[in-house]
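*Asks:* Here you go, one structure.
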Amino acid sequence: AVTANFLAMLAAGVRIGGEKTKPARVTRAGPNQFRIVLTQGLNRQVRRICSALGWRVKRLVRERIMHIRLGDLPSGRWRELTEAESRPLKSLAASRPRA
């Protein structure tokens with residue numbers, strides 16, 4: 001079962017690969033499930049932090065990327081962004097200094 005201690009450790013950040021992950025928002029979603037909102041995107045981050053704490057991920061579902069909800073988009077598929085989804089991305093890109 002997912003414990004309060006496990007959730008607290010995930011929320012605080014976990015040391016993996018020589019660095020500590022940034023804090024995340026974590027909530028219990030069921031006796032053996034949790035939801036996590038990451039503020040950083042390391043390779044296989046959820047699986048790696050769970051493994052570092054002695055847990056194994058059996059099922060992992062990505063629900064959104066930034067503000068873009070994936071809904072029932074099948075694995076390996078893509079769709080066009082709506083104007084409402086692309087507007088904040090364009091604004092963010094425009095505000096970044098060019099190299």
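Ligands are numbered from 1 in the order shown, residues from 1 within each chain, and chains are lettered A, B, ... in the order they appear in the structure tokens.
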Skipping near chain neighbours, those fewer than 3 positions away, what residues fall within 10 Å of range 62-78 of chain A using only C-alpha atoms, listed as a list in words?
*Replies:*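 Using only C-alpha atoms, the neighbours found are Arg35, Ile36, Val37, Leu38, Thr39, Leu81, Thr82, Ala84, Glu85, Ser86, Pro88 and Leu89 of chain A.
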*Asks:* What residues in range 41-99 of chain A get the DSSP label strand (DSSP E or B)? Please answer as a list in words.
*Replies:*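 Selecting the strand (DSSP E or B) positions of range 41-99 of chain A gives Arg64, Ile65, Ile68 and Arg69 of chain A.
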*Asks:* Find the residues near Asn43 in chain A: any atom within 12 Å, counting only C-alpha atoms, skip ones fewer than 6 places away on the same chain, and give them as a PDB file with N, CA, C and O atoms, in the first residue's frame.
*Replies:*
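Generated output (out_20.pdb):
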ATOM      1  N   ILE A  16      18.462  10.633  -7.055  1.00  0.00           N
ATOM      2  CA  ILE A  16      18.658   9.616  -8.100  1.00  0.00           C
ATOM      3  C   ILE A  16      19.787  10.080  -9.015  1.00  0.00           C
ATOM      4  O   ILE A  16      19.893  11.268  -9.306  1.00  0.00           O
ATOM      5  N   GLY A  17      20.617   9.157  -9.427  1.00  0.00           N
ATOM      6  CA  GLY A  17      21.678   9.493 -10.368  1.00  0.00           C
ATOM      7  C   GLY A  17      22.576  10.620  -9.917  1.00  0.00           C
ATOM      8  O   GLY A  17      23.014  11.432 -10.725  1.00  0.00           O
ATOM      9  N   THR A  21      15.924  15.196  -7.061  1.00  0.00           N
ATOM     10  CA  THR A  21      14.858  15.709  -7.912  1.00  0.00           C
ATOM     11  C   THR A  21      14.189  16.905  -7.239  1.00  0.00           C
ATOM     12  O   THR A  21      14.228  17.048  -6.019  1.00  0.00           O
ATOM     13  N   ILE A  49      12.548   7.274  -9.290  1.00  0.00           N
ATOM     14  CA  ILE A  49      12.384   7.695  -7.895  1.00  0.00           C
ATOM     15  C   ILE A  49      11.671   6.618  -7.082  1.00  0.00           C
ATOM     16  O   ILE A  49      12.001   6.396  -5.918  1.00  0.00           O
TER      17      ILE A  49
END
*Asks:* So which residues touch Val14 in chain A within 9 Å, counting only C-alpha atoms, skipping near sequence neighbours fewer than 5 positions away, as a list in words?
*Replies:*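 Those residues are Met9, Glu19, Lys20, Thr21, Lys22, Pro23, Ile49, Cys50, Ala52 and Leu53 of chain A.
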*Asks:* To test your reading of the structure, identify every residue in chain A that backbone DSSP assigns to alpha helix (DSSP H), and report it as a ChimeraX atom specification.
*Replies:* /A:4-12,45-52,83-95
*Asks:* Residues at most 12 Å from Trp55 in chain A, counting only C-alpha atoms, excluding those fewer than 5 positions away in the same chain, as number ranges by chain?
*Replies:* A: 1-3, 6-7, 10, 32-33, 46-50
*Asks:* Write the residues of the selection above to a file with N, CA, C and O atoms, as an mmCIF file, in the first residue's frame.
*Replies:*
data_model
loop_
_atom_site.group_PDB
_atom_site.id
_atom_site.type_symbol
_atom_site.label_atom_id
_atom_site.label_comp_id
_atom_site.auth_asym_id
_atom_site.auth_seq_id
_atom_site.Cartn_x
_atom_site.Cartn_y
_atom_site.Cartn_z
ATOM 1 N N ALA A 1 0.836 -1.196 0.000
ATOM 2 C CA ALA A 1 0.000 0.000 0.000
ATOM 3 C C ALA A 1 0.875 1.252 0.000
ATOM 4 O O ALA A 1 1.979 1.244 0.539
ATOM 5 N N VAL A 2 0.363 2.313 -0.588
ATOM 6 C CA VAL A 2 1.049 3.601 -0.603
ATOM 7 C C VAL A 2 0.942 4.209 0.794
ATOM 8 O O VAL A 2 -0.156 4.374 1.316
ATOM 9 N N THR A 3 2.075 4.541 1.381
ATOM 10 C CA THR A 3 2.092 5.078 2.742
ATOM 11 C C THR A 3 2.264 6.598 2.732
ATOM 12 O O THR A 3 2.748 7.176 1.752
ATOM 13 N N PHE A 6 5.941 7.432 2.221
ATOM 14 C CA PHE A 6 6.335 7.323 0.815
ATOM 15 C C PHE A 6 5.926 8.588 0.059
ATOM 16 O O PHE A 6 6.724 9.174 -0.674
ATOM 17 N N LEU A 7 4.688 9.046 0.262
ATOM 18 C CA LEU A 7 4.201 10.254 -0.409
ATOM 19 C C LEU A 7 5.016 11.474 -0.006
ATOM 20 O O LEU A 7 5.350 12.318 -0.845
ATOM 21 N N LEU A 10 8.381 11.407 -1.802
ATOM 22 C CA LEU A 10 8.221 11.800 -3.202
ATOM 23 C C LEU A 10 8.057 13.315 -3.325
ATOM 24 O O LEU A 10 8.657 13.943 -4.194
ATOM 25 N N ASN A 32 -3.215 1.629 -3.518
ATOM 26 C CA ASN A 32 -1.962 1.279 -4.189
ATOM 27 C C ASN A 32 -1.640 2.233 -5.331
ATOM 28 O O ASN A 32 -0.896 1.876 -6.245
ATOM 29 N N GLN A 33 -2.214 3.436 -5.292
ATOM 30 C CA GLN A 33 -2.029 4.385 -6.384
ATOM 31 C C GLN A 33 -1.746 5.773 -5.843
ATOM 32 O O GLN A 33 -2.205 6.135 -4.758
ATOM 33 N N VAL A 46 9.716 9.024 -12.809
ATOM 34 C CA VAL A 46 8.796 8.395 -11.856
ATOM 35 C C VAL A 46 9.278 6.981 -11.518
ATOM 36 O O VAL A 46 9.348 6.606 -10.342
ATOM 37 N N ARG A 47 9.636 6.213 -12.524
ATOM 38 C CA ARG A 47 10.121 4.853 -12.265
ATOM 39 C C ARG A 47 11.404 4.874 -11.441
ATOM 40 O O ARG A 47 11.594 4.055 -10.540
ATOM 41 N N ARG A 48 12.298 5.804 -11.726
ATOM 42 C CA ARG A 48 13.579 5.868 -11.020
ATOM 43 C C ARG A 48 13.419 6.302 -9.566
ATOM 44 O O ARG A 48 14.081 5.760 -8.671
ATOM 45 N N ILE A 49 12.548 7.274 -9.290
ATOM 46 C CA ILE A 49 12.384 7.695 -7.895
ATOM 47 C C ILE A 49 11.671 6.618 -7.082
ATOM 48 O O ILE A 49 12.001 6.396 -5.918
ATOM 49 N N CYS A 50 10.719 5.947 -7.689
ATOM 50 C CA CYS A 50 10.050 4.847 -6.984
ATOM 51 C C CYS A 50 11.040 3.728 -6.678
ATOM 52 O O CYS A 50 11.069 3.193 -5.567
#
*Asks:* Could you work out how far CA of Arg44 in chain A lies from CA of Ala11 in chain A, giving the answer in Å with one decimal?
*Replies:* 16.8 Å
*Asks:* Rounded to one decimal in Å, what is the spacing between CA of Ala29 in chain A and CA of Gly41 in chain A?
*Replies:*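 That distance, rounded to one decimal, is 21.5 Å.
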*Asks:* From the list A:Ala8, A:Lys90, A:Gln40, A:Ser51, which residue is nearest Thr27 in chain A when using only C-alpha atoms?
*Replies:*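 Nearest candidate to Thr27 in chain A out of A:Ala8, A:Lys90, A:Gln40, A:Ser51: A:Ala8.
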